[in-house]
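Asker: Input file: upload_27.cif. Contents: mmCIF, C-alpha atoms.
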```cif
data_structure
#
loop_
_atom_site.label_atom_id
_atom_site.label_comp_id
_atom_site.auth_asym_id
_atom_site.auth_seq_id
_atom_site.Cartn_x
_atom_site.Cartn_y
_atom_site.Cartn_z
CA MET Q 1 54.45 -15.77 136.88
CA ASN Q 2 53.81 -16.89 140.45
CA ASP Q 3 55.68 -19.68 142.25
CA LYS Q 4 52.83 -22.16 142.04
CA GLN Q 5 52.76 -21.79 138.24
CA ILE Q 6 56.54 -22.22 138.08
CA VAL Q 7 56.38 -25.40 140.18
CA GLU Q 8 53.63 -26.70 137.88
CA LEU Q 9 55.99 -26.14 134.92
CA TYR Q 10 58.63 -28.21 136.71
CA MET Q 11 56.08 -30.94 137.38
CA GLU Q 12 55.23 -30.95 133.65
CA ARG Q 13 59.01 -31.09 132.91
CA SER Q 14 58.78 -27.90 130.85
CA GLU Q 15 62.16 -26.25 130.31
CA LYS Q 16 60.36 -22.92 130.62
CA ALA Q 17 60.39 -23.58 134.39
CA VAL Q 18 64.15 -23.04 134.56
CA ASN Q 19 63.93 -19.80 132.57
CA GLU Q 20 61.14 -18.46 134.75
CA THR Q 21 63.03 -19.48 137.89
CA TYR Q 22 66.17 -17.78 136.65
CA ASN Q 23 64.32 -14.57 135.82
CA LYS Q 24 62.62 -14.45 139.21
CA TYR Q 25 65.28 -15.82 141.59
CA SER Q 26 68.75 -15.51 140.08
CA ALA Q 27 69.53 -12.29 142.00
CA TYR Q 28 68.25 -13.82 145.25
CA CYS Q 29 70.31 -17.01 144.83
CA ASN Q 30 73.34 -15.01 143.75
CA SER Q 31 73.16 -12.87 146.90
CA ILE Q 32 73.15 -16.01 149.06
CA SER Q 33 76.04 -17.59 147.16
CA PHE Q 34 78.10 -14.42 147.06
CA SER Q 35 77.63 -13.77 150.79
CA ILE Q 36 79.12 -17.20 151.48
CA LEU Q 37 81.82 -17.36 148.80
CA GLN Q 38 82.82 -13.69 148.35
CA ASN Q 39 83.66 -14.52 144.74
CA SER Q 40 81.46 -13.51 141.78
CA GLU Q 41 82.51 -16.33 139.45
CA ASP Q 42 81.99 -19.05 142.06
CA ALA Q 43 78.68 -17.50 143.08
CA GLU Q 44 77.42 -17.48 139.48
CA GLU Q 45 78.44 -21.14 139.05
CA CYS Q 46 76.58 -22.01 142.24
CA VAL Q 47 73.47 -20.20 141.00
CA ASN Q 48 73.56 -22.25 137.79
CA ASP Q 49 74.07 -25.42 139.83
CA THR Q 50 71.11 -24.37 142.00
CA PHE Q 51 68.77 -24.27 139.03
CA GLN Q 52 70.13 -27.58 137.74
CA LYS Q 53 69.52 -29.15 141.17
CA ALA Q 54 66.00 -27.71 141.26
CA TRP Q 55 65.34 -29.27 137.83
CA GLU Q 56 66.57 -32.62 139.13
CA SER Q 57 64.62 -32.35 142.40
CA ILE Q 58 61.20 -31.24 141.12
CA PRO Q 59 59.62 -33.79 140.82
CA PRO Q 60 59.68 -35.78 143.10
CA SER Q 61 59.77 -32.79 145.45
CA GLU Q 62 56.94 -30.30 145.12
CA PRO Q 63 57.96 -27.33 147.25
CA ASN Q 64 55.29 -25.14 148.82
CA ASN Q 65 57.76 -22.25 149.12
CA LEU Q 66 59.91 -22.10 145.97
CA LYS Q 67 62.01 -19.20 147.23
CA ALA Q 68 62.97 -21.04 150.43
CA PHE Q 69 63.55 -24.25 148.47
CA LEU Q 70 65.94 -22.50 146.07
CA GLY Q 71 67.59 -20.58 148.90
CA LYS Q 72 68.35 -23.82 150.72
CA ILE Q 73 69.79 -25.40 147.57
CA ALA Q 74 71.90 -22.31 146.80
CA ARG Q 75 73.16 -22.19 150.36
CA ASN Q 76 74.08 -25.89 150.47
CA ILE Q 77 75.82 -25.79 147.09
CA SER Q 78 77.71 -22.64 148.12
CA LEU Q 79 78.75 -24.14 151.44
CA ASN Q 80 80.00 -27.25 149.63
CA ARG Q 81 81.95 -25.05 147.21
CA LEU Q 82 83.40 -23.06 150.11
CA LYS Q 83 84.43 -26.26 151.86
CA HIS Q 84 86.05 -27.48 148.64
CA ASN Q 85 87.82 -24.14 148.11
CA ASN Q 86 89.09 -24.12 151.69
CA THR Q 87 90.27 -27.71 151.42
CA GLN Q 88 92.19 -26.70 148.32
CA LYS Q 89 93.89 -23.94 150.31
CA ARG Q 90 95.00 -26.48 152.96
CA GLY Q 91 93.26 -24.83 155.83
CA ALA Q 92 90.55 -25.87 158.18
CA GLY Q 93 87.99 -23.60 156.62
CA GLN Q 94 85.44 -21.38 158.31
CA ILE Q 95 82.65 -23.75 157.29
CA ASP Q 96 84.19 -26.59 159.30
CA VAL Q 97 84.14 -24.37 162.37
CA LEU Q 98 80.51 -23.41 161.83
CA LEU Q 99 79.38 -26.97 161.27
CA SER Q 100 81.23 -28.22 164.32
CA GLU Q 101 79.59 -25.51 166.43
CA LEU Q 102 76.14 -26.71 165.35
CA GLU Q 103 76.74 -30.45 165.04
CA GLU Q 104 75.42 -31.31 168.49
CA CYS Q 105 72.19 -29.44 167.77
CA ILE Q 106 71.29 -30.81 164.36
CA SER Q 107 71.62 -34.23 162.80
CA ASP Q 108 73.74 -34.40 159.66
CA SER Q 109 71.40 -36.77 157.82
CA PHE Q 110 69.77 -34.35 155.37
CA SER Q 111 68.52 -35.79 152.09
CA VAL Q 112 65.41 -35.91 149.95
CA GLU Q 113 64.44 -39.13 151.74
CA ASN Q 114 64.36 -37.27 155.04
CA GLU Q 115 62.12 -34.45 153.85
CA ILE Q 116 59.61 -34.91 156.67
CA TYR Q 117 62.35 -34.68 159.27
CA SER Q 118 63.79 -31.69 157.45
CA LYS Q 119 60.40 -29.93 157.42
CA GLN Q 120 59.89 -30.57 161.15
CA LEU Q 121 63.41 -29.37 161.87
CA SER Q 122 62.86 -26.25 159.78
CA GLN Q 123 59.58 -25.45 161.54
CA SER Q 124 61.17 -26.02 164.93
CA ILE Q 125 64.18 -23.82 164.16
CA ASN Q 126 61.86 -21.09 162.82
CA ALA Q 127 59.83 -21.25 166.03
CA PHE Q 128 63.07 -21.03 168.03
CA LEU Q 129 64.23 -18.01 166.02
CA GLU Q 130 60.87 -16.29 166.46
CA SER Q 131 61.21 -16.67 170.22
CA LEU Q 132 64.48 -14.72 170.25
CA THR Q 133 64.95 -11.00 170.54
CA SER Q 134 65.58 -9.26 167.24
CA GLU Q 135 69.26 -8.70 168.06
CA LYS Q 136 69.92 -12.32 169.03
CA ARG Q 137 68.05 -13.61 165.98
CA LYS Q 138 70.14 -11.36 163.70
CA ILE Q 139 73.38 -12.50 165.35
CA PHE Q 140 72.39 -16.18 165.03
CA VAL Q 141 71.34 -15.83 161.38
CA SER Q 142 74.45 -13.80 160.54
CA ARG Q 143 76.65 -16.57 161.89
CA TYR Q 144 74.85 -19.73 160.81
CA TRP Q 145 73.01 -18.69 157.64
CA TYR Q 146 75.28 -16.04 156.17
CA THR Q 147 78.45 -17.64 157.64
CA ARG Q 148 79.84 -14.34 158.85
CA SER Q 149 82.87 -14.41 161.12
CA ILE Q 150 82.69 -13.47 164.80
CA LYS Q 151 84.74 -10.38 163.97
CA GLU Q 152 82.34 -9.29 161.19
CA ILE Q 153 79.32 -9.75 163.46
CA SER Q 154 81.07 -7.88 166.25
CA GLU Q 155 81.75 -4.94 163.96
CA GLN Q 156 78.27 -4.99 162.42
CA TYR Q 157 76.47 -4.85 165.78
CA ASP Q 158 79.13 -2.94 167.72
CA ILE Q 159 79.43 -5.71 170.33
CA SER Q 160 82.70 -7.19 171.56
CA GLU Q 161 83.85 -10.47 169.99
CA GLU Q 162 83.78 -12.16 173.41
CA LYS Q 163 80.18 -11.09 173.94
CA ILE Q 164 79.24 -12.41 170.46
CA LYS Q 165 80.90 -15.75 171.27
CA SER Q 166 79.03 -15.89 174.55
CA ILE Q 167 75.69 -15.06 172.92
CA LEU Q 168 76.22 -17.72 170.24
CA PHE Q 169 77.22 -20.33 172.82
CA ARG Q 170 74.06 -19.66 174.83
CA LEU Q 171 71.90 -19.66 171.69
CA ARG Q 172 73.30 -23.05 170.61
CA LYS Q 173 72.50 -24.46 174.05
CA GLN Q 174 68.98 -23.00 173.87
CA LEU Q 175 68.51 -24.39 170.35
CA LYS Q 176 69.61 -27.85 171.45
CA SER Q 177 67.23 -27.73 174.41
CA HIS Q 178 64.41 -26.50 172.17
CA LEU Q 179 65.02 -29.31 169.63
CA GLU Q 180 65.08 -31.89 172.42
CA LYS Q 181 61.77 -30.62 173.83
CA GLU Q 182 60.24 -30.74 170.33
CA GLY Q 183 61.43 -34.34 169.90
CA ILE Q 184 63.56 -33.42 166.90
CA ILE Q 185 66.76 -34.63 168.56
CA TYR Q 186 67.34 -36.79 171.59
CA GLU Q 187 69.85 -36.13 174.34
CA LYS Q 188 72.98 -38.26 173.90
#
```
Starting from the file, lay out its structure as structure tokens.
Answerer:
Amino acid sequence: MNDKQIVELYMERSEKAVNETYNKYSAYCNSISFSILQNSEDAEECVNDTFQKAWESIPPSEPNNLKAFLGKIARNISLNRLKHNNTQKRGAGQIDVLLSELEECISDSFSVENEIYSKQLSQSINAFLESLTSEKRKIFVSRYWYTRSIKEISEQYDISEEKIKSILFRLRKQLKSHLEKEGIIYEK
């Protein structure tokens, strides 16, 4: 069954939509959740929460790209779980560091009501990523999508940690400048 047909099932409020979604995207969502949480049980719970959230969100949302829509939900739920888990451990978790690194580039007002803004932001970030070299794009995505540590990225790409930090700092500055030029954010 293709994505358009699955979305139509959601729009009709057919419970078959959730089954079809699970069959097609559970492994994909689990890989996102597990890469963030590094815990199979938590990842599986997040996958289930992802499909519940999709059921609650469609309608009113009618995603054009179901895979991206589910990936975003899985990622957000997993990041929230990671933040909760880290709070429970009494440490300033990795996620807090990542979010603080990006907070000056991206507004924190994401919700269903701001879908137009979110779509423009997504398109602008994709355009920014496409403008980067393959290596820089992979480093950026590793850090801010897959939430990998500087050390992990350094080892993966055989680049010093200081160089990775420097690359990420420059990329954040470039992203902020790009978003300002696109009118997505305004200089403070």
Asker: Give me, please, the distance in Å between atom CA of Q:Ser149 and atom CA of Q:Leu37, quoted to one decimal.
Answerer: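 Distance reported for this atom pair: 12.7 Å.
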Asker: When the PyMOL selection byres ((chain Q and resi 167) around 12) is applied to the structure above, which residues does it catch, written out as a PyMOL selection string?
Answerer: chain Q and resi 132-133+135-140+143+150+153-154+159-166+168-174
Asker: Rounded to one decimal, what separation in Å do you get between atom CA of Q:Asn76 and atom CA of Q:Ile184?
Answerer: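 Straight-line distance from atom CA of Q:Asn76 to atom CA of Q:Ile184 works out to 20.9 Å.
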Asker: With the file shown as input, list the residues that the PyMOL selection byres ((chain Q and resi 57-71) around 8) selects, as a ChimeraX atom specification.
Answerer: /Q:3-4,7,10-11,25,28-29,32,50-51,53-56,72-75,112
Asker: Based on the selection just made, write C-alpha atoms of those residues as an mmCIF file, in the coordinates of the input.
Answerer:
```cif
data_model
loop_
_atom_site.group_PDB
_atom_site.id
_atom_site.type_symbol
_atom_site.label_atom_id
_atom_site.label_comp_id
_atom_site.auth_asym_id
_atom_site.auth_seq_id
_atom_site.Cartn_x
_atom_site.Cartn_y
_atom_site.Cartn_z
ATOM 1 C CA ASP Q 3 55.680 -19.680 142.250
ATOM 2 C CA LYS Q 4 52.830 -22.160 142.040
ATOM 3 C CA VAL Q 7 56.380 -25.400 140.180
ATOM 4 C CA TYR Q 10 58.630 -28.210 136.710
ATOM 5 C CA MET Q 11 56.080 -30.940 137.380
ATOM 6 C CA TYR Q 25 65.280 -15.820 141.590
ATOM 7 C CA TYR Q 28 68.250 -13.820 145.250
ATOM 8 C CA CYS Q 29 70.310 -17.010 144.830
ATOM 9 C CA ILE Q 32 73.150 -16.010 149.060
ATOM 10 C CA THR Q 50 71.110 -24.370 142.000
ATOM 11 C CA PHE Q 51 68.770 -24.270 139.030
ATOM 12 C CA LYS Q 53 69.520 -29.150 141.170
ATOM 13 C CA ALA Q 54 66.000 -27.710 141.260
ATOM 14 C CA TRP Q 55 65.340 -29.270 137.830
ATOM 15 C CA GLU Q 56 66.570 -32.620 139.130
ATOM 16 C CA LYS Q 72 68.350 -23.820 150.720
ATOM 17 C CA ILE Q 73 69.790 -25.400 147.570
ATOM 18 C CA ALA Q 74 71.900 -22.310 146.800
ATOM 19 C CA ARG Q 75 73.160 -22.190 150.360
ATOM 20 C CA VAL Q 112 65.410 -35.910 149.950
#
```
Asker: Just checking: using only C-alpha atoms, which residue out of Q:Lys176, Q:Arg148, Q:Arg81, Q:Lys24 ends up closest to Q:Asn39?
Answerer: Q:Arg81
Asker: So how far away is atom CA of Q:Thr147 from atom CA of Q:Phe128, in Å?
Answerer: 18.9 Å
Asker: Given the choices Q:Ser26, Q:Ser142, Q:Ser124, Q:Ser78, which gets closest to Q:Ala43 if the distance is worked out from all atoms listed in the file?
Answerer: Q:Ser78
Asker: Just checking: using only C-alpha atoms, which residue out of Q:Met1, Q:Val141, Q:Cys46, Q:Leu79 ends up closest to Q:Asn30?
Answerer: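 Smallest separation from Q:Asn30 among the options: Q:Cys46.
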Asker: Between Q:Gln5, Q:Asn80, Q:Ser40, Q:Ser122, which residue has the minimum interatomic distance to Q:Glu20, considering all atoms listed in the file?
Answerer: Q:Gln5
Asker: Can you work out which one of Q:Ile77, Q:Gly183, Q:Ser177, Q:Ser131 has the shortest atom-to-atom distance to Q:Ile36, counting all atoms listed in the file?
Answerer: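 Of Q:Ile77, Q:Gly183, Q:Ser177, Q:Ser131, the one nearest Q:Ile36 is Q:Ile77, counting all atoms listed in the file.
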